[in-house]
>>> print(open('model_28.cif').read())   # mmCIF, C-alpha atoms and all ligand atoms
data_input
loop_
_atom_site.label_atom_id
_atom_site.label_comp_id
_atom_site.auth_asym_id
_atom_site.auth_seq_id
_atom_site.Cartn_x
_atom_site.Cartn_y
_atom_site.Cartn_z
CA MET I 1 30.82 -28.44 -43.12
CA SER I 2 34.21 -28.25 -41.41
CA THR I 3 34.96 -30.73 -38.66
CA ALA I 4 37.99 -29.24 -36.98
CA ARG I 5 39.95 -31.15 -34.34
CA PRO I 6 39.03 -30.24 -30.78
CA SER I 7 40.98 -27.21 -29.63
CA GLY I 8 40.73 -24.33 -27.22
CA VAL I 9 37.71 -24.15 -24.97
CA TRP I 10 35.62 -26.64 -26.88
CA ALA I 11 38.20 -29.41 -26.49
CA THR I 12 37.01 -29.40 -22.88
CA ALA I 13 33.65 -30.73 -24.13
CA VAL I 14 35.40 -33.84 -25.47
CA GLY I 15 37.23 -34.18 -22.15
CA VAL I 16 33.85 -34.18 -20.40
CA ALA I 17 32.63 -36.88 -22.81
CA ARG I 18 35.65 -39.00 -21.86
CA VAL I 19 34.62 -38.81 -18.20
CA ARG I 20 31.04 -39.78 -19.10
CA ALA I 21 32.26 -42.69 -21.21
CA LEU I 22 34.24 -44.05 -18.25
CA GLU I 23 31.30 -43.63 -15.89
CA SER I 24 29.01 -45.42 -18.37
CA GLU I 25 31.20 -48.53 -18.08
CA ARG I 26 30.73 -48.81 -14.32
CA GLU I 27 28.44 -51.45 -12.95
CA LYS I 28 26.51 -48.98 -10.81
CA ALA I 29 26.78 -46.02 -13.16
CA LEU I 30 24.89 -42.87 -12.19
CA PHE I 31 23.92 -42.51 -15.88
CA ARG I 32 24.64 -44.25 -19.16
CA ASP I 33 25.84 -42.15 -22.07
CA PRO I 34 26.36 -44.52 -25.01
CA LEU I 35 27.51 -41.73 -27.37
CA ALA I 36 30.24 -40.44 -25.05
CA ALA I 37 32.76 -43.07 -26.19
CA ALA I 38 32.22 -42.11 -29.84
CA PHE I 39 32.84 -38.41 -29.11
CA THR I 40 35.96 -39.35 -27.16
CA ALA I 41 37.33 -41.56 -29.93
CA ALA I 42 36.60 -39.01 -32.65
CA GLY I 43 38.22 -36.28 -30.58
CA GLY I 44 41.47 -38.23 -30.46
CA LEU I 45 42.43 -36.89 -27.05
CA PRO I 46 45.67 -38.33 -25.71
CA LYS I 47 45.12 -41.33 -23.42
CA VAL I 48 45.33 -40.64 -19.71
CA THR I 49 48.52 -42.36 -18.61
CA GLY I 50 49.55 -42.91 -15.01
CA THR I 51 47.58 -41.66 -12.06
CA PRO I 52 46.11 -38.21 -12.62
CA PRO I 53 46.66 -35.65 -9.86
CA ARG I 54 44.06 -35.86 -7.11
CA ARG I 55 42.61 -32.50 -7.99
CA TRP I 56 41.80 -33.82 -11.50
CA VAL I 57 40.27 -36.99 -10.09
CA ALA I 58 38.07 -34.59 -8.12
CA VAL I 59 37.11 -32.71 -11.29
CA ALA I 60 36.15 -35.98 -13.02
CA PHE I 61 34.11 -36.95 -9.97
CA SER I 62 32.29 -33.63 -10.00
CA ILE I 63 31.46 -34.06 -13.71
CA VAL I 64 29.80 -37.40 -12.95
CA ILE I 65 27.79 -35.98 -10.07
CA ARG I 66 26.73 -32.85 -11.90
CA THR I 67 25.58 -34.91 -14.89
CA ARG I 68 23.24 -36.92 -12.69
CA PHE I 69 22.13 -33.75 -10.85
CA LEU I 70 21.10 -32.09 -14.11
CA ASP I 71 19.49 -35.27 -15.48
CA GLU I 72 17.22 -35.19 -12.42
CA LEU I 73 16.60 -31.44 -12.71
CA LEU I 74 15.48 -31.94 -16.32
CA ALA I 75 13.19 -34.81 -15.37
CA GLU I 76 11.61 -32.58 -12.68
CA ALA I 77 11.12 -29.78 -15.20
CA MET I 78 9.39 -32.19 -17.59
CA ALA I 79 7.19 -33.46 -14.75
CA ALA I 80 6.24 -29.82 -14.06
CA GLY I 81 5.13 -29.43 -17.69
CA VAL I 82 8.11 -27.57 -19.21
CA ARG I 83 8.60 -28.62 -22.84
CA GLN I 84 11.41 -26.33 -23.95
CA VAL I 85 15.05 -27.06 -23.09
CA VAL I 86 18.05 -24.82 -23.85
CA LEU I 87 21.58 -26.12 -23.30
CA LEU I 88 24.04 -23.23 -23.17
CA GLY I 89 27.54 -24.38 -24.11
CA ALA I 90 26.03 -27.73 -25.13
CA GLY I 91 29.33 -29.36 -26.08
CA MET I 92 29.00 -33.15 -26.41
CA ASP I 93 25.94 -33.33 -24.16
CA SER I 94 23.86 -36.22 -25.52
CA ARG I 95 20.77 -35.81 -23.36
CA ALA I 96 18.57 -35.33 -26.43
CA TYR I 97 19.52 -38.92 -27.34
CA ARG I 98 19.84 -40.70 -24.04
CA LEU I 99 16.93 -39.41 -21.89
CA ASP I 100 13.18 -39.90 -22.31
CA TRP I 101 11.35 -36.78 -23.41
CA PRO I 102 7.62 -36.10 -23.42
CA ALA I 103 5.97 -35.53 -26.81
CA LYS I 104 6.47 -32.03 -28.23
CA THR I 105 9.65 -31.34 -26.28
CA ARG I 106 11.87 -28.87 -28.15
CA PHE I 107 15.56 -29.10 -27.31
CA PHE I 108 17.94 -26.29 -28.29
CA GLU I 109 21.70 -26.83 -28.19
CA VAL I 110 23.68 -23.58 -28.18
CA ASP I 111 27.43 -23.61 -28.75
CA THR I 112 29.88 -22.23 -31.28
CA ALA I 113 29.91 -23.70 -34.79
CA GLU I 114 33.06 -25.84 -34.52
CA PRO I 115 31.98 -28.13 -31.67
CA LEU I 116 28.46 -28.37 -33.11
CA ASN I 117 29.87 -29.41 -36.52
CA PHE I 118 32.17 -31.95 -34.90
CA LYS I 119 29.24 -33.30 -32.87
CA GLU I 120 27.03 -33.62 -35.96
CA SER I 121 29.71 -35.60 -37.78
CA VAL I 122 29.93 -38.09 -34.90
CA LEU I 123 26.15 -38.31 -34.53
CA ARG I 124 25.83 -39.01 -38.26
CA ALA I 125 28.51 -41.70 -38.14
CA GLU I 126 26.71 -43.30 -35.18
CA ARG I 127 23.33 -42.99 -36.92
CA ALA I 128 22.03 -41.50 -33.68
CA GLU I 129 18.37 -40.46 -33.51
CA PRO I 130 17.23 -37.80 -31.04
CA ARG I 131 14.27 -38.63 -28.80
CA CYS I 132 12.81 -35.12 -29.11
CA GLU I 133 12.88 -32.24 -31.56
CA ARG I 134 16.53 -31.18 -31.42
CA ILE I 135 17.65 -27.82 -32.81
CA THR I 136 21.29 -26.75 -32.91
CA VAL I 137 22.04 -23.05 -32.52
CA PRO I 138 25.58 -22.11 -33.57
CA VAL I 139 26.43 -18.82 -31.90
CA ASP I 140 28.99 -17.39 -29.52
CA LEU I 141 27.42 -16.55 -26.18
CA ARG I 142 29.42 -13.33 -26.12
CA GLU I 143 27.42 -12.18 -29.16
CA ASP I 144 23.70 -11.46 -29.58
CA TRP I 145 22.68 -15.07 -28.95
CA PRO I 146 19.09 -14.27 -27.82
CA THR I 147 18.29 -13.06 -31.36
CA VAL I 148 19.82 -16.19 -32.89
CA LEU I 149 17.92 -18.41 -30.44
CA ALA I 150 14.66 -16.62 -31.24
CA ALA I 151 15.30 -17.12 -34.97
CA ALA I 152 15.84 -20.83 -34.26
CA GLY I 153 12.31 -20.99 -32.83
CA HIS I 154 12.65 -20.46 -29.07
CA ASP I 155 9.20 -19.51 -27.73
CA LEU I 156 9.39 -16.60 -25.29
CA ASP I 157 5.89 -17.25 -24.00
CA ALA I 158 6.55 -20.84 -22.97
CA PRO I 159 8.62 -21.77 -19.92
CA THR I 160 12.16 -22.94 -20.60
CA VAL I 161 14.56 -25.09 -18.65
CA TRP I 162 18.05 -23.66 -19.10
CA ILE I 163 21.19 -25.68 -18.48
CA ALA I 164 24.64 -24.11 -18.18
CA GLU I 165 26.83 -27.09 -17.31
CA GLY I 166 30.59 -26.63 -17.14
CA LEU I 167 30.23 -23.30 -18.93
CA LEU I 168 30.22 -20.39 -16.49
CA ILE I 169 33.72 -21.09 -15.16
CA TYR I 170 35.02 -20.14 -18.65
CA LEU I 171 33.31 -16.74 -18.60
CA PRO I 172 34.50 -13.74 -16.58
CA ALA I 173 32.18 -12.69 -13.75
CA ASP I 174 30.72 -9.71 -15.64
CA ALA I 175 29.93 -11.95 -18.64
CA VAL I 176 28.25 -14.46 -16.30
CA ASP I 177 26.06 -11.68 -14.88
CA ARG I 178 25.20 -10.48 -18.37
CA LEU I 179 24.34 -14.00 -19.51
CA LEU I 180 22.08 -14.56 -16.52
CA GLY I 181 20.38 -11.22 -17.16
CA GLN I 182 19.71 -12.30 -20.75
CA ILE I 183 18.37 -15.68 -19.60
CA GLY I 184 16.05 -13.86 -17.19
CA HIS I 185 14.59 -11.77 -20.00
CA LEU I 186 13.85 -14.91 -22.03
CA SER I 187 12.31 -16.83 -19.13
CA ALA I 188 8.52 -17.06 -19.00
CA PRO I 189 6.99 -17.78 -15.57
CA GLY I 190 7.62 -21.40 -14.59
CA SER I 191 11.05 -21.45 -16.21
CA ARG I 192 13.83 -23.35 -14.48
CA MET I 193 17.58 -23.32 -14.55
CA GLY I 194 20.42 -25.70 -13.69
CA LEU I 195 23.90 -24.24 -13.29
CA THR I 196 27.31 -25.49 -12.34
CA LEU I 197 29.68 -22.98 -10.83
CA GLY I 198 33.35 -23.17 -9.95
CA SER I 199 33.58 -23.72 -6.21
CA ARG I 200 35.10 -20.97 -4.09
CA GLY I 201 38.89 -21.01 -4.25
CA VAL I 202 39.05 -23.25 -7.36
CA LEU I 203 41.03 -20.69 -9.39
CA GLU I 204 43.68 -20.52 -6.71
CA ARG I 205 43.83 -24.30 -6.29
CA PHE I 206 44.46 -24.79 -10.04
CA ALA I 207 46.63 -21.69 -10.53
CA GLU I 208 49.66 -23.86 -11.45
CA ASP I 209 47.84 -25.69 -14.28
CA GLN I 210 49.19 -24.05 -17.43
CA GLU I 211 48.54 -26.82 -19.97
CA THR I 212 45.08 -27.97 -18.93
CA ALA I 213 41.50 -26.75 -19.17
CA ALA I 214 42.04 -25.03 -15.85
CA SER I 215 44.24 -22.45 -17.57
CA MET I 216 41.00 -21.21 -19.21
CA TRP I 217 38.98 -20.98 -15.99
CA VAL I 218 38.30 -17.40 -15.05
CA SER I 219 35.39 -17.27 -12.62
CA GLU I 220 34.06 -18.99 -9.56
CA MET I 221 30.79 -18.85 -7.69
CA PRO I 222 29.79 -15.75 -5.75
CA GLU I 223 29.93 -15.96 -1.99
CA ASP I 224 26.15 -16.29 -1.69
CA PRO I 225 24.78 -17.81 -4.91
CA ILE I 226 21.22 -17.93 -3.57
CA ALA I 227 21.13 -14.18 -2.83
CA TRP I 228 22.87 -13.47 -6.15
CA LEU I 229 20.16 -15.37 -8.07
CA ALA I 230 17.35 -13.94 -5.91
CA ASP I 231 18.43 -10.47 -7.02
CA MET I 232 17.95 -11.66 -10.60
CA GLY I 233 14.46 -13.05 -10.03
CA TRP I 234 15.20 -16.71 -9.27
CA THR I 235 14.44 -18.84 -6.25
CA ALA I 236 17.52 -21.04 -6.06
CA GLU I 237 18.90 -23.96 -4.12
CA ALA I 238 22.61 -24.74 -4.02
CA PHE I 239 24.26 -28.09 -3.34
CA THR I 240 27.81 -29.33 -2.98
CA VAL I 241 29.11 -32.20 -5.09
CA ARG I 242 29.77 -34.06 -1.85
CA GLU I 243 26.16 -33.92 -0.63
CA ARG I 244 24.69 -34.84 -4.02
CA ALA I 245 27.13 -37.77 -4.28
CA ALA I 246 25.87 -39.01 -0.91
CA ALA I 247 22.26 -38.65 -2.11
CA TYR I 248 23.08 -40.80 -5.17
CA GLY I 249 24.85 -43.45 -3.08
CA ARG I 250 28.27 -42.76 -4.58
CA PRO I 251 31.08 -42.95 -2.01
CA VAL I 252 33.22 -39.82 -1.98
CA THR I 253 36.85 -40.90 -2.23
CA VAL I 254 38.28 -37.59 -3.45
CA PRO I 255 38.11 -34.00 -2.16
CA ALA I 256 34.96 -33.59 -4.23
CA ALA I 257 33.92 -30.02 -3.75
CA GLY I 258 36.91 -28.26 -2.36
CA PRO I 259 36.04 -26.13 0.63
CA GLU I 260 32.68 -27.13 2.06
CA GLY I 261 29.67 -24.87 1.97
CA PRO I 262 26.69 -24.61 -0.33
CA GLY I 263 27.40 -24.16 -3.99
CA GLY I 264 28.78 -25.82 -7.05
CA LEU I 265 25.44 -27.18 -8.23
CA VAL I 266 22.48 -24.84 -8.46
CA SER I 267 18.84 -25.37 -9.34
CA ALA I 268 16.52 -22.41 -9.71
CA ILE I 269 12.91 -21.59 -10.51
CA ARG I 270 11.77 -18.29 -12.02
CA ARG I 271 9.69 -16.23 -9.62
C1 LIG I 301 33.35 -27.97 -20.43
S1 LIG I 301 32.43 -27.90 -21.90
C2 LIG I 301 30.84 -28.45 -21.27
C3 LIG I 301 29.96 -28.96 -22.36
C4 LIG I 301 28.58 -29.48 -21.91
N1 LIG I 301 27.80 -28.47 -21.26
C5 LIG I 301 28.74 -30.67 -21.01
O1 LIG I 301 28.70 -30.53 -19.79
O2 LIG I 301 28.91 -31.77 -21.57
C6 LIG I 301 32.17 -26.15 -22.16
C7 LIG I 301 31.41 -25.82 -23.44
O3 LIG I 301 31.09 -24.44 -23.41
C8 LIG I 301 31.25 -23.94 -24.73
N2 LIG I 301 31.52 -22.50 -24.65
C9 LIG I 301 32.47 -21.87 -23.94
N3 LIG I 301 32.45 -20.55 -24.18
C10 LIG I 301 31.44 -20.35 -25.07
C11 LIG I 301 30.92 -19.20 -25.73
N4 LIG I 301 31.44 -17.99 -25.53
N5 LIG I 301 29.88 -19.35 -26.57
C12 LIG I 301 29.35 -20.59 -26.80
N6 LIG I 301 29.80 -21.71 -26.21
C13 LIG I 301 30.83 -21.59 -25.37
C14 LIG I 301 32.44 -24.70 -25.27
O4 LIG I 301 32.49 -24.66 -26.69
C15 LIG I 301 32.20 -26.09 -24.71
O5 LIG I 301 31.46 -26.88 -25.58
#
>>> encode(input="model_28.cif", output="structure tokens", more="lines below")
Ligand SMILES: C[S@@+](CC[C@H](N)C(=O)[O-])C[C@H]1O[C@@H](n2cnc3c(N)ncnc32)[C@H](O)[C@@H]1O
Amino acid sequence: MSTARPSGVWATAVGVARVRALESEREKALFRDPLAAAFTAAGGLPKVTGTPPRRWVAVAFSIVIRTRFLDELLAEAMAAGVRQVVLLGAGMDSRAYRLDWPAKTRFFEVDTAEPLNFKESVLRAERAEPRCERITVPVDLREDWPTVLAAAGHDLDAPTVWIAEGLLIYLPADAVDRLLGQIGHLSAPGSRMGLTLGSRGVLERFAEDQETAASMWVSEMPEDPIAWLADMGWTAEAFTVRERAAAYGRPVTVPAAGPEGPGGLVSAIRR
């Protein structure tokens, strides 16, 4: 099994782990992710020196808030009886290890082979044990991933909770639409979905960033995400990072969500 160094789009997954590791050290952390520090160390990302630009402090803040948002969305899905989870663009997400899961929960992690191999090597070194049945699904989401997911054991007749966290911004708008269409076809009644979307104007605000993850961002949320998802068979709610931060008692000290207005964080239920 190759364990390549983080590069290209999947290096961003290690960057996200670094943010989660820092949050986990806080006294009043919004979540604790004990594996995040191990992913960060193994990834060997350069240390952040000096004060990062405010717009990047805002990105880190939004990662913290979205992590808590999706932790809660998953807990609600479990309370509603869903027992099948699919992470799309799973990266270094360690929810299979750090959250409580009801018996018989099946947890699929979809990403390309390189980050999944890297992740396995860290998990092995840490002797980490998942708290549910965890199944990794190495496939590129631009390929025929539904067939690969089905072969991995995804049950079409059971509801699924889908998570696309920090993923859609890396896909062009037509690929996002296609992906959501595919998710819809695989979603039994009672399925749920948690999405994060680039806020409106984010591409323009980061247009100067040539050397950072932002140089790979290509899409942002549609003007009306609720109508967009309704057209695809979902009843959705959209939140800003700012309002979720307030709900979690975290003071907002950075321009957290860019221009105000609903969006950024979306939860949806299949009609
Ligand atoms: C910013 S990271 C977020 C990772 C994880 N969801 C999280 O929040 O911790 C984006 C992830 O999407 C994955 N990704 C991007 N494009 C992909 C594609 N076409 N197929 C599969 N995975 C993809 C990357 O490999 C990376 O792990």
>>> residues_near_ligand(input="model_28.cif", ligand="ligand LIG 301 (chain I)", cutoff="8 Å", atoms="only C-alpha atoms and all ligand atoms", output="ChimeraX atom specification")
/I:9-17,63,67,87-94,110-112,114-115,138-143,163-168,170-171
>>> atom_distance(input="model_28.cif", atom1="CA of Ile183 in chain I", atom2="CA of Leu195 in chain I")
12.0 Å
>>> atom_distance(input="model_28.cif", atom1="CA of Val57 in chain I", atom2="CA of Thr253 in chain I")
9.4 Å
>>> atom_distance(input="model_28.cif", atom1="CA of Ala227 in chain I", atom2="CA of Val86 in chain I")
23.8 Å
>>> closest_residue(input="model_28.cif", among="I:Glu223, I:Asp174, I:Glu211, I:Glu23", to="Gly198 in chain I", atoms="only C-alpha atoms")
I:Glu223
>>> residues_around(input="model_28.cif", residues="Ala230 in chain I", least_positions_apart="5", cutoff="10 Å", atoms="all atoms listed in the file", output="PyMOL selection string")
chain I and resi 225+235-236+268-271
>>> residues_around(input="model_28.cif", residues="range 38-54 of chain I", least_positions_apart="2", cutoff="9 Å", atoms="only C-alpha atoms", output="list in words")
Arg5, Pro6, Ala11, Val14, Gly15, Val16, Ala17, Arg18, Ala21, Pro34, Leu35, Ala36, Trp56, Val57, Ala58, Val59, Met92, Phe118, Lys119, Val122, Leu123, Glu126, Val254 and Pro255 of chain I
>>> closest_residue(input="model_28.cif", among="I:Arg98, I:Ser199, I:Ala77, I:Thr147", to="Phe31 in chain I", atoms="only C-alpha atoms")
I:Arg98
>>> closest_residue(input="model_28.cif", among="I:Ile65, I:Val176, I:Val241, I:Ala247", to="Leu30 in chain I", atoms="all atoms listed in the file")
I:Ile65
